[in-house]
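**Q** Contents of target22.cif (mmCIF, C-alpha atoms) are below:
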```cif
data_entry
#
loop_
_atom_site.group_PDB
_atom_site.id
_atom_site.type_symbol
_atom_site.label_atom_id
_atom_site.label_comp_id
_atom_site.auth_asym_id
_atom_site.auth_seq_id
_atom_site.Cartn_x
_atom_site.Cartn_y
_atom_site.Cartn_z
ATOM 1 C CA MET A 1 0.000 0.000 0.000
ATOM 2 C CA VAL A 2 1.242 3.446 -0.917
ATOM 3 C CA PHE A 3 0.702 6.307 1.478
ATOM 4 C CA PHE A 4 0.510 9.857 0.198
ATOM 5 C CA LEU A 5 1.283 12.859 2.361
ATOM 6 C CA LYS A 6 -1.253 15.592 2.125
ATOM 7 C CA PRO A 7 0.450 18.696 0.713
ATOM 8 C CA LYS A 8 0.713 21.546 3.185
ATOM 9 C CA SER A 9 -0.911 24.864 2.397
ATOM 10 C CA PRO A 10 1.430 27.552 0.982
ATOM 11 C CA GLU A 11 1.008 29.612 4.180
ATOM 12 C CA ILE A 12 2.103 26.720 6.432
ATOM 13 C CA ALA A 13 5.007 25.794 4.157
ATOM 14 C CA ASP A 14 6.199 29.403 4.111
ATOM 15 C CA THR A 15 6.017 29.558 7.925
ATOM 16 C CA LEU A 16 8.077 26.376 8.222
ATOM 17 C CA ARG A 17 10.719 27.744 5.840
ATOM 18 C CA ARG A 18 10.973 30.996 7.785
ATOM 19 C CA LYS A 19 11.485 29.099 11.041
ATOM 20 C CA ASP A 20 14.363 27.146 9.491
ATOM 21 C CA ILE A 21 16.246 30.346 8.559
ATOM 22 C CA PRO A 22 18.052 32.091 11.450
ATOM 23 C CA LYS A 23 17.336 35.778 11.898
ATOM 24 C CA ASP A 24 19.826 38.362 10.621
ATOM 25 C CA ILE A 25 21.759 35.847 8.549
ATOM 26 C CA TRP A 26 21.449 38.108 5.488
ATOM 27 C CA VAL A 27 21.774 41.897 5.313
ATOM 28 C CA LYS A 28 20.494 44.043 2.438
ATOM 29 C CA CYS A 29 22.732 46.777 1.043
ATOM 30 C CA PRO A 30 20.780 50.085 0.973
ATOM 31 C CA ILE A 31 22.585 51.203 -2.203
ATOM 32 C CA SER A 32 22.655 48.159 -4.489
ATOM 33 C CA GLY A 33 19.948 46.026 -2.905
ATOM 34 C CA GLU A 34 22.438 43.161 -2.792
ATOM 35 C CA MET A 35 21.973 40.560 -0.039
ATOM 36 C CA ILE A 36 25.191 40.010 1.899
ATOM 37 C CA TYR A 37 25.945 37.140 4.243
ATOM 38 C CA SER A 38 26.129 38.758 7.699
ATOM 39 C CA LYS A 39 29.328 36.951 8.733
ATOM 40 C CA GLU A 40 31.032 38.156 5.573
ATOM 41 C CA LEU A 41 29.920 41.710 6.381
ATOM 42 C CA ILE A 42 31.203 41.475 9.963
ATOM 43 C CA ASN A 43 34.555 40.116 8.779
ATOM 44 C CA ASN A 44 34.803 43.112 6.414
ATOM 45 C CA TRP A 45 34.227 45.621 9.232
ATOM 46 C CA MET A 46 30.611 46.214 8.130
ATOM 47 C CA VAL A 47 31.635 47.502 4.683
ATOM 48 C CA VAL A 48 29.758 46.057 1.674
ATOM 49 C CA PRO A 49 32.490 44.762 -0.696
ATOM 50 C CA LYS A 50 30.879 45.746 -4.018
ATOM 51 C CA SER A 51 29.087 49.023 -3.250
ATOM 52 C CA ASN A 52 31.481 50.199 -0.470
ATOM 53 C CA TYR A 53 28.485 51.135 1.682
ATOM 54 C CA HIS A 54 29.557 51.636 5.296
ATOM 55 C CA PHE A 55 27.163 50.248 7.909
ATOM 56 C CA PRO A 56 27.440 51.638 11.469
ATOM 57 C CA LEU A 57 30.249 50.331 13.643
ATOM 58 C CA SER A 58 30.244 50.384 17.442
ATOM 59 C CA ALA A 59 32.886 52.222 19.437
ATOM 60 C CA ARG A 60 34.330 48.940 20.747
ATOM 61 C CA GLU A 61 34.613 47.583 17.209
ATOM 62 C CA ARG A 62 36.415 50.726 16.079
ATOM 63 C CA ILE A 63 38.929 50.258 18.884
ATOM 64 C CA ARG A 64 39.584 46.745 17.564
ATOM 65 C CA LEU A 65 39.938 48.182 14.066
ATOM 66 C CA LEU A 66 42.444 50.909 14.953
ATOM 67 C CA ALA A 67 44.328 50.036 18.140
ATOM 68 C CA ASP A 68 47.356 47.783 18.216
ATOM 69 C CA HIS A 69 46.682 44.520 20.059
ATOM 70 C CA ASN A 70 46.060 45.069 23.797
ATOM 71 C CA SER A 71 47.283 48.674 23.598
ATOM 72 C CA PHE A 72 44.024 50.487 24.416
ATOM 73 C CA LEU A 73 43.688 51.873 27.945
ATOM 74 C CA GLU A 74 40.260 53.353 28.677
ATOM 75 C CA PHE A 75 39.893 56.590 30.660
ATOM 76 C CA ASP A 76 36.994 57.943 32.761
ATOM 77 C CA HIS A 77 34.805 54.853 32.391
ATOM 78 C CA HIS A 78 33.150 55.729 35.715
ATOM 79 C CA LEU A 79 31.586 59.003 34.503
ATOM 80 C CA ILE A 80 27.792 58.637 34.273
ATOM 81 C CA SER A 81 25.110 61.170 33.265
ATOM 82 C CA SER A 82 22.421 62.190 35.733
ATOM 83 C CA SER A 83 19.044 63.889 35.376
ATOM 84 C CA PHE A 84 20.031 67.135 37.088
ATOM 85 C CA LEU A 85 17.296 69.077 35.233
ATOM 86 C CA GLY A 86 14.584 66.461 35.747
ATOM 87 C CA PHE A 87 13.628 66.447 32.062
ATOM 88 C CA GLY A 88 11.534 63.693 30.542
ATOM 89 C CA ASP A 89 8.461 62.953 28.465
ATOM 90 C CA LYS A 90 6.625 59.622 28.514
ATOM 91 C CA ILE A 91 9.903 58.000 29.546
ATOM 92 C CA SER A 92 12.215 59.747 32.005
ATOM 93 C CA TYR A 93 15.795 60.642 31.143
ATOM 94 C CA ILE A 94 17.037 58.210 33.806
ATOM 95 C CA ASP A 95 15.078 55.372 32.190
ATOM 96 C CA LYS A 96 16.406 56.308 28.744
ATOM 97 C CA LEU A 97 19.963 56.232 30.083
ATOM 98 C CA ALA A 98 19.376 52.849 31.710
ATOM 99 C CA HIS A 99 17.951 51.450 28.472
ATOM 100 C CA SER A 100 20.952 52.665 26.454
ATOM 101 C CA LYS A 101 23.388 51.246 29.015
ATOM 102 C CA ASN A 102 21.727 47.839 28.864
ATOM 103 C CA LYS A 103 21.590 47.878 25.060
ATOM 104 C CA THR A 104 25.172 48.989 24.411
ATOM 105 C CA GLY A 105 27.152 48.064 27.514
ATOM 106 C CA LEU A 106 28.447 51.649 27.612
ATOM 107 C CA ASN A 107 28.030 54.279 30.320
ATOM 108 C CA ASP A 108 27.633 57.051 27.743
ATOM 109 C CA ALA A 109 27.996 57.863 24.061
ATOM 110 C CA VAL A 110 31.802 58.113 23.917
ATOM 111 C CA ILE A 111 34.797 55.965 24.845
ATOM 112 C CA THR A 112 38.103 57.706 25.480
ATOM 113 C CA GLY A 113 41.612 56.511 26.232
ATOM 114 C CA THR A 114 45.149 56.046 24.994
ATOM 115 C CA MET A 115 46.448 53.459 22.549
ATOM 116 C CA THR A 116 49.163 52.836 20.035
ATOM 117 C CA LEU A 117 48.287 53.049 16.353
ATOM 118 C CA ASN A 118 50.937 51.116 14.412
ATOM 119 C CA GLY A 119 53.289 51.985 17.247
ATOM 120 C CA ILE A 120 52.319 55.669 17.533
ATOM 121 C CA ALA A 121 51.081 56.616 21.017
ATOM 122 C CA THR A 122 47.747 58.405 20.552
ATOM 123 C CA CYS A 123 44.882 59.812 22.613
ATOM 124 C CA ILE A 124 41.548 58.798 21.116
ATOM 125 C CA ALA A 125 37.831 59.440 21.577
ATOM 126 C CA ILE A 126 35.269 57.314 19.740
ATOM 127 C CA MET A 127 31.561 58.133 19.771
ATOM 128 C CA ASP A 128 28.833 55.499 19.522
ATOM 129 C CA PHE A 129 25.532 56.374 17.804
ATOM 130 C CA SER A 130 23.706 53.437 19.392
ATOM 131 C CA PHE A 131 23.834 55.235 22.771
ATOM 132 C CA MET A 132 21.036 57.823 22.545
ATOM 133 C CA GLY A 133 21.959 58.773 18.991
ATOM 134 C CA GLY A 134 25.509 59.696 19.991
ATOM 135 C CA SER A 135 24.109 62.841 21.592
ATOM 136 C CA MET A 136 26.557 65.090 23.436
ATOM 137 C CA GLY A 137 25.663 65.754 27.048
ATOM 138 C CA SER A 138 27.771 66.762 30.031
ATOM 139 C CA VAL A 139 29.591 63.416 30.278
ATOM 140 C CA VAL A 140 30.457 63.252 26.563
ATOM 141 C CA GLY A 141 31.777 66.831 26.637
ATOM 142 C CA GLU A 142 33.716 66.209 29.840
ATOM 143 C CA LYS A 143 35.337 62.985 28.602
ATOM 144 C CA ILE A 144 36.399 64.553 25.305
ATOM 145 C CA THR A 145 37.789 67.601 27.121
ATOM 146 C CA ARG A 146 39.714 65.399 29.553
ATOM 147 C CA ILE A 147 41.297 63.246 26.846
ATOM 148 C CA ILE A 148 42.449 66.376 24.989
ATOM 149 C CA GLU A 149 43.904 67.770 28.230
ATOM 150 C CA CYS A 150 45.650 64.420 28.746
ATOM 151 C CA ALA A 151 47.151 64.729 25.255
ATOM 152 C CA VAL A 152 48.500 68.194 26.078
ATOM 153 C CA LYS A 153 50.016 66.909 29.319
ATOM 154 C CA LYS A 154 51.595 63.835 27.708
ATOM 155 C CA LYS A 155 52.399 65.618 24.413
ATOM 156 C CA LEU A 156 50.425 63.137 22.304
ATOM 157 C CA PRO A 157 48.324 63.569 19.143
ATOM 158 C CA VAL A 158 44.528 63.291 19.294
ATOM 159 C CA VAL A 159 42.158 61.354 17.036
ATOM 160 C CA ILE A 160 38.403 61.807 17.524
ATOM 161 C CA ILE A 161 35.914 59.658 15.628
ATOM 162 C CA SER A 162 32.527 61.361 15.660
ATOM 163 C CA THR A 163 29.002 60.158 15.081
ATOM 164 C CA SER A 164 26.166 62.126 16.621
ATOM 165 C CA GLY A 165 22.732 63.597 16.173
ATOM 166 C CA GLY A 166 23.789 66.664 18.169
ATOM 167 C CA ALA A 167 23.295 68.005 21.688
ATOM 168 C CA ARG A 168 21.374 65.957 24.258
ATOM 169 C CA MET A 169 18.097 67.809 24.749
ATOM 170 C CA PHE A 170 17.433 66.231 28.154
ATOM 171 C CA GLU A 171 20.330 68.256 29.569
ATOM 172 C CA GLY A 172 19.168 71.564 28.106
ATOM 173 C CA ILE A 173 21.662 74.413 27.995
ATOM 174 C CA VAL A 174 24.250 72.305 29.829
ATOM 175 C CA SER A 175 24.589 70.159 26.713
ATOM 176 C CA LEU A 176 25.110 73.286 24.572
ATOM 177 C CA MET A 177 27.879 74.440 26.920
ATOM 178 C CA GLN A 178 29.881 71.359 25.894
ATOM 179 C CA MET A 179 30.388 72.918 22.456
ATOM 180 C CA ALA A 180 32.372 75.798 23.946
ATOM 181 C CA LYS A 181 34.201 73.575 26.420
ATOM 182 C CA THR A 182 35.431 71.085 23.849
ATOM 183 C CA ALA A 183 36.354 73.838 21.371
ATOM 184 C CA LEU A 184 38.457 75.542 24.064
ATOM 185 C CA ALA A 185 40.243 72.247 24.757
ATOM 186 C CA VAL A 186 41.061 71.914 21.031
ATOM 187 C CA ALA A 187 42.461 75.468 21.097
ATOM 188 C CA LYS A 188 44.818 74.484 23.932
ATOM 189 C CA LEU A 189 45.916 71.477 21.883
ATOM 190 C CA ALA A 190 46.697 73.799 18.973
ATOM 191 C CA GLU A 191 48.706 76.102 21.267
ATOM 192 C CA ALA A 192 50.787 73.083 22.273
ATOM 193 C CA ARG A 193 51.351 72.383 18.537
ATOM 194 C CA LEU A 194 49.986 68.844 18.797
ATOM 195 C CA PRO A 195 48.087 67.179 15.921
ATOM 196 C CA PHE A 196 44.330 66.687 15.963
ATOM 197 C CA ILE A 197 42.709 64.480 13.322
ATOM 198 C CA SER A 198 38.902 64.544 13.176
ATOM 199 C CA VAL A 199 37.146 61.566 11.580
ATOM 200 C CA LEU A 200 33.491 62.084 10.606
ATOM 201 C CA THR A 201 31.233 59.051 10.262
ATOM 202 C CA ASN A 202 27.554 58.643 9.432
ATOM 203 C CA PRO A 203 25.938 60.791 10.780
ATOM 204 C CA THR A 204 27.842 63.701 12.317
ATOM 205 C CA MET A 205 25.416 66.543 12.862
ATOM 206 C CA ALA A 206 24.428 69.632 14.862
ATOM 207 C CA GLY A 207 26.372 70.574 18.015
ATOM 208 C CA VAL A 208 29.126 68.014 17.552
ATOM 209 C CA MET A 209 29.818 69.110 13.968
ATOM 210 C CA ALA A 210 29.546 72.751 15.056
ATOM 211 C CA SER A 211 32.247 72.291 17.708
ATOM 212 C CA PHE A 212 35.237 69.958 17.990
ATOM 213 C CA ALA A 213 34.409 67.749 14.971
ATOM 214 C CA SER A 214 35.016 70.611 12.524
ATOM 215 C CA LEU A 215 38.201 71.864 14.212
ATOM 216 C CA GLY A 216 40.656 69.157 13.213
ATOM 217 C CA ASP A 217 43.993 69.963 11.591
ATOM 218 C CA ILE A 218 42.932 67.261 9.142
ATOM 219 C CA ILE A 219 39.272 66.322 8.692
ATOM 220 C CA ILE A 220 38.518 62.892 7.237
ATOM 221 C CA ALA A 221 35.128 61.384 6.459
ATOM 222 C CA GLU A 222 33.934 57.879 5.696
ATOM 223 C CA PRO A 223 32.243 57.403 2.286
ATOM 224 C CA GLY A 224 28.610 58.486 2.171
ATOM 225 C CA ALA A 225 28.601 59.972 5.673
ATOM 226 C CA LEU A 226 25.860 62.527 6.401
ATOM 227 C CA ILE A 227 27.541 65.645 7.769
ATOM 228 C CA GLY A 228 26.025 69.001 8.693
ATOM 229 C CA PHE A 229 24.307 71.159 11.271
ATOM 230 C CA ALA A 230 20.541 71.174 10.703
ATOM 231 C CA GLY A 231 18.711 68.547 8.680
ATOM 232 C CA PRO A 232 17.882 69.135 4.990
ATOM 233 C CA ARG A 233 14.156 69.616 5.649
ATOM 234 C CA VAL A 234 14.808 72.359 8.227
ATOM 235 C CA ILE A 235 17.236 74.130 5.881
ATOM 236 C CA GLU A 236 14.802 74.013 2.969
ATOM 237 C CA GLU A 237 11.981 75.390 5.106
ATOM 238 C CA THR A 238 14.212 78.162 6.449
ATOM 239 C CA THR A 239 15.834 79.234 3.184
ATOM 240 C CA ARG A 240 12.844 78.331 0.969
ATOM 241 C CA GLN A 241 15.253 76.895 -1.573
ATOM 242 C CA LYS A 242 15.639 73.423 -3.023
ATOM 243 C CA LEU A 243 18.893 71.855 -1.889
ATOM 244 C CA PRO A 244 21.292 70.356 -4.458
ATOM 245 C CA LYS A 245 21.534 66.601 -4.910
ATOM 246 C CA GLY A 246 23.816 64.901 -2.411
ATOM 247 C CA PHE A 247 23.777 67.911 -0.079
ATOM 248 C CA GLN A 248 25.468 67.199 3.293
ATOM 249 C CA THR A 249 27.136 63.993 2.126
ATOM 250 C CA ALA A 250 30.880 63.520 2.582
ATOM 251 C CA GLU A 251 31.312 63.643 -1.193
ATOM 252 C CA PHE A 252 29.499 66.992 -1.452
ATOM 253 C CA LEU A 253 31.582 68.467 1.378
ATOM 254 C CA LEU A 254 34.840 67.265 -0.179
ATOM 255 C CA LYS A 255 33.912 68.858 -3.507
ATOM 256 C CA HIS A 256 33.263 72.190 -1.761
ATOM 257 C CA GLY A 257 36.417 72.126 0.379
ATOM 258 C CA LEU A 258 34.839 71.523 3.792
ATOM 259 C CA ILE A 259 36.706 68.272 4.485
ATOM 260 C CA ASP A 260 40.162 67.108 3.418
ATOM 261 C CA GLN A 261 39.710 63.480 2.395
ATOM 262 C CA ILE A 262 37.244 60.612 2.155
ATOM 263 C CA VAL A 263 38.792 57.405 3.454
ATOM 264 C CA SER A 264 37.314 53.922 3.504
ATOM 265 C CA ARG A 265 37.113 52.291 6.914
ATOM 266 C CA LEU A 266 39.279 49.471 5.565
ATOM 267 C CA GLU A 267 42.107 51.943 4.903
ATOM 268 C CA MET A 268 41.567 54.154 7.957
ATOM 269 C CA LYS A 269 44.316 52.773 10.198
ATOM 270 C CA ALA A 270 46.972 53.022 7.489
ATOM 271 C CA ARG A 271 45.876 56.548 6.516
ATOM 272 C CA LEU A 272 45.828 57.803 10.121
ATOM 273 C CA THR A 273 49.280 56.316 10.647
ATOM 274 C CA SER A 274 50.605 58.131 7.573
ATOM 275 C CA PHE A 275 49.143 61.483 8.656
ATOM 276 C CA LEU A 276 50.376 61.181 12.241
ATOM 277 C CA LYS A 277 53.911 60.277 11.169
ATOM 278 C CA PHE A 278 54.011 63.299 8.885
ATOM 279 C CA MET A 279 52.521 65.719 11.444
ATOM 280 C CA LEU A 280 54.648 64.544 14.353
ATOM 281 C CA HIS A 281 57.942 64.774 12.482
#
```
Would you mind writing the file's structure down as structure tokens?

**A**
Amino acid sequence: MVFFLKPKSPEIADTLRRKDIPKDIWVKCPISGEMIYSKELINNWMVVPKSNYHFPLSARERIRLLADHNSFLEFDHHLISSSFLGFGDKISYIDKLAHSKNKTGLNDAVITGTMTLNGIATCIAIMDFSFMGGSMGSVVGEKITRIIECAVKKKLPVVIISTSGGARMFEGIVSLMQMAKTALAVAKLAEARLPFISVLTNPTMAGVMASFASLGDIIIAEPGALIGFAGPRVIEETTRQKLPKGFQTAEFLLKHGLIDQIVSRLEMKARLTSFLKFMLH
């Protein structure tokens, strides 16, 4: 006797197929639409091989990318933001901070410290957009100021890798004060004739771009990074003019002389090494 299995409905079969496929195993490139194997993307530092699209990279991953093995020493890890103004909407600022800490494993939106970069001792600050959009509050401003002051004291160059949506609104005017504080620290670095390389990644906007991020001796950007102060919609509404194509991209800024180079993440360590060797000697 022959037994026949009743064919499953298309809906059930589709459900079974979806269950067999692990989540996040494929990632779609926003530019080409190509599907990339996630492990391949991770091994390539989140850069799509064909289109060169740069996905976000965490601050810890950037340390692994740039620092020589076991050379990174973190500073001021203990600094934590507080709700000194008591701001909040449906969710309090304290709860938002707690959520970001649990999600990222960071105490705030920047990691600072010293490291060697192909043997060159360097002070570094790396921002992380996954912590409250990389917003700059009192702790971010304080940590960046302290690492620059450390560089002046130890006579070391500074590299800052920025990604941010701007000032942290939950800290009100205190967050805006960080723009002046960090800019003053960069001025002291310049007085000491020490190099400062600013690296802009996607996105670098508002108060961060309007302060230390735009003050580098050399300003580098990753391909396709969104860079500016206000968003395109706000600018169009204010000026009542249509913005040109590609406005606020790294490529547009390079063409108009607002940044010095566009450098792929895969070449960033070698390029930073070359610049630092030249500037230090």

**Q** For the structure shown, which residues end up in the PyMOL selection byres ((chain A and resi 151) around 12)? Put them as a PyMOL selection string, please?

**A** chain A and resi 112-115+121-125+144-150+152-159+185-186+188-190+192-196

**Q** Go ahead and save the residues from that selection, with C-alpha atoms, as a CSV table (one decimal), in the frame of the given file.

**A**
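Below is the file again09.csv, written as the result:
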```
chain,number,residue,atom,x,y,z
A,112,THR,CA,38.1,57.7,25.5
A,113,GLY,CA,41.6,56.5,26.2
A,114,THR,CA,45.1,56.0,25.0
A,115,MET,CA,46.4,53.5,22.5
A,121,ALA,CA,51.1,56.6,21.0
A,122,THR,CA,47.7,58.4,20.6
A,123,CYS,CA,44.9,59.8,22.6
A,124,ILE,CA,41.5,58.8,21.1
A,125,ALA,CA,37.8,59.4,21.6
A,144,ILE,CA,36.4,64.6,25.3
A,145,THR,CA,37.8,67.6,27.1
A,146,ARG,CA,39.7,65.4,29.6
A,147,ILE,CA,41.3,63.2,26.8
A,148,ILE,CA,42.4,66.4,25.0
A,149,GLU,CA,43.9,67.8,28.2
A,150,CYS,CA,45.6,64.4,28.7
A,152,VAL,CA,48.5,68.2,26.1
A,153,LYS,CA,50.0,66.9,29.3
A,154,LYS,CA,51.6,63.8,27.7
A,155,LYS,CA,52.4,65.6,24.4
A,156,LEU,CA,50.4,63.1,22.3
A,157,PRO,CA,48.3,63.6,19.1
A,158,VAL,CA,44.5,63.3,19.3
A,159,VAL,CA,42.2,61.4,17.0
A,185,ALA,CA,40.2,72.2,24.8
A,186,VAL,CA,41.1,71.9,21.0
A,188,LYS,CA,44.8,74.5,23.9
A,189,LEU,CA,45.9,71.5,21.9
A,190,ALA,CA,46.7,73.8,19.0
A,192,ALA,CA,50.8,73.1,22.3
A,193,ARG,CA,51.4,72.4,18.5
A,194,LEU,CA,50.0,68.8,18.8
A,195,PRO,CA,48.1,67.2,15.9
A,196,PHE,CA,44.3,66.7,16.0
```

**Q** When you draw a straight line from atom CA of Asn44 of chain A to atom CA of His69 of chain A, how long is it in Å?

**A**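 Calculated distance between atom CA of Asn44 of chain A and atom CA of His69 of chain A is 18.1 Å.
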
**Q** Apply the PyMOL selection byres ((chain A and resi 266) around 8) to the displayed file and report the matching residues as a ChimeraX atom specification.

**A** /A:44-45,47,264-265,267-269

**Q** Which of these residues is nearest to Lys181 of chain A, using only C-alpha atoms: A:Gly165, A:Gly141, A:Gly246, A:Gly216?

**A**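 Of the candidates, the smallest distance to Lys181 of chain A is held by A:Gly141.
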
**Q** What does the structure give for the distance between atom CA of Ile91 of chain A and atom CA of Gly133 of chain A, in Å to one decimal?

**A**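 So the two atoms, atom CA of Ile91 of chain A and atom CA of Gly133 of chain A, lie 16.0 Å apart.
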
**Q** Using the chain letters and numbering of this document, enumerate as a PyMOL selection string the residues selected by the PyMOL selection byres ((chain A and resi 26-28) around 12).

**A** chain A and resi 21-25+29-42+46-48+51+53+55

**Q** Give me, as a list in words, all polymer residues having an atom no more than 7 Å from Thr116 of chain A, counting all atoms listed in the file and skipping those fewer than 2 positions away in the same chain.

**A**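 Selected residues are Ala67, Asp68, Ser71, Asn118, Gly119, Ile120, Ala121 and Thr122 of chain A.
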
**Q** For Asp76 of chain A, which of A:Ile94, A:Met132, A:Val139, A:Ile173 is the closest residue, counting only C-alpha atoms?

**A** A:Val139

**Q** Work out how far apart atom CA of Ile262 of chain A and atom CA of Thr238 of chain A are and give it in Å to one decimal.

**A**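 Between atom CA of Ile262 of chain A and atom CA of Thr238 of chain A the gap is 29.3 Å.
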
**Q** Please determine, counting all atoms listed in the file, which residue among A:Phe84, A:Phe247, A:Phe129, A:Phe75 has the shortest atom-to-atom distance to Pro56 of chain A.

**A**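 Using all atoms listed in the file, Pro56 of chain A sits closest to A:Phe129.
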
**Q** Write out as an MDAnalysis selection string which residues come within 8 Å of Ser100 of chain A when counting all atoms listed in the file, dropping same-chain ones fewer than 5 positions away.

**A** chainID A and resid 105:106 130:132

**Q** So, with only C-alpha atoms as the atoms that count, which of A:Ile161, A:Asp217, A:Phe275, A:Lys245 lies closest to Ile259 of chain A?

**A**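 That would be A:Asp217, the residue with the smallest distance to Ile259 of chain A.
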
**Q** Pick out the residues sitting within 6 Å of segment 248-256 of chain A, and hand them over as a list in words; count only C-alpha atoms, and ignore anything fewer than 4 positions along from it in its own chain.

**A**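 Here the answer would be Gly224, Ala225, Leu226, Ile227 and Gly228 of chain A.
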
**Q** Around all the atoms of segment 62-76 of chain A listed in the file, with 3 Å of room on each side, what axis-aligned box do you get, giving centre and edge lengths in Å to one decimal, as AutoDock Vina command-line options?

**A**
```
--center_x 41.9 --center_y 51.2 --center_z 23.4 --size_x 16.9 --size_y 19.4 --size_z 24.7
```

**Q** Filtering to N, CA and C atoms, could segment 214-234 of chain A of the supplied structure be written out as a short mmCIF file (atom, residue, chain, number, x, y, z; two decimals), in the first residue's frame?

**A**
```cif
data_model
loop_
_atom_site.label_atom_id
_atom_site.label_comp_id
_atom_site.auth_asym_id
_atom_site.auth_seq_id
_atom_site.Cartn_x
_atom_site.Cartn_y
_atom_site.Cartn_z
N SER A 214 34.62 69.81 13.69
CA SER A 214 35.02 70.61 12.52
C SER A 214 36.32 71.37 12.74
N LEU A 215 37.01 71.08 13.86
CA LEU A 215 38.20 71.86 14.21
C LEU A 215 39.50 71.09 14.03
N GLY A 216 39.45 69.95 13.39
CA GLY A 216 40.66 69.16 13.21
C GLY A 216 41.66 69.81 12.29
N ASP A 217 42.95 69.53 12.53
CA ASP A 217 43.99 69.96 11.59
C ASP A 217 43.78 69.26 10.26
N ILE A 218 43.35 68.01 10.31
CA ILE A 218 42.93 67.26 9.14
C ILE A 218 41.55 66.68 9.45
N ILE A 219 40.63 66.84 8.51
CA ILE A 219 39.27 66.32 8.69
C ILE A 219 39.02 65.26 7.63
N ILE A 220 38.75 64.05 8.11
CA ILE A 220 38.52 62.89 7.24
C ILE A 220 37.06 62.46 7.41
N ALA A 221 36.48 61.93 6.36
CA ALA A 221 35.13 61.38 6.46
C ALA A 221 35.07 60.01 5.81
N GLU A 222 34.20 59.16 6.34
CA GLU A 222 33.93 57.88 5.70
C GLU A 222 33.02 58.11 4.50
N PRO A 223 33.09 57.24 3.48
CA PRO A 223 32.24 57.40 2.29
C PRO A 223 30.75 57.45 2.63
N GLY A 224 30.06 58.40 2.02
CA GLY A 224 28.61 58.49 2.17
C GLY A 224 28.11 59.04 3.49
N ALA A 225 29.01 59.47 4.36
CA ALA A 225 28.60 59.97 5.67
C ALA A 225 27.74 61.23 5.54
N LEU A 226 26.70 61.33 6.34
CA LEU A 226 25.86 62.53 6.40
C LEU A 226 26.48 63.48 7.40
N ILE A 227 26.80 64.69 6.95
CA ILE A 227 27.54 65.65 7.77
C ILE A 227 26.88 67.02 7.64
N GLY A 228 26.62 67.67 8.77
CA GLY A 228 26.03 69.00 8.69
C GLY A 228 25.59 69.51 10.05
N PHE A 229 24.84 70.59 10.02
CA PHE A 229 24.31 71.16 11.27
C PHE A 229 22.83 70.81 11.39
N ALA A 230 21.97 71.51 10.70
CA ALA A 230 20.54 71.17 10.70
C ALA A 230 20.24 70.18 9.59
N GLY A 231 19.12 69.49 9.70
CA GLY A 231 18.71 68.55 8.68
C GLY A 231 18.26 69.24 7.40
N PRO A 232 18.26 68.53 6.27
CA PRO A 232 17.88 69.14 4.99
C PRO A 232 16.48 69.74 4.99
N ARG A 233 15.53 69.10 5.64
CA ARG A 233 14.16 69.62 5.65
C ARG A 233 14.10 70.97 6.35
N VAL A 234 14.80 71.10 7.48
CA VAL A 234 14.81 72.36 8.23
C VAL A 234 15.46 73.46 7.40
#
```
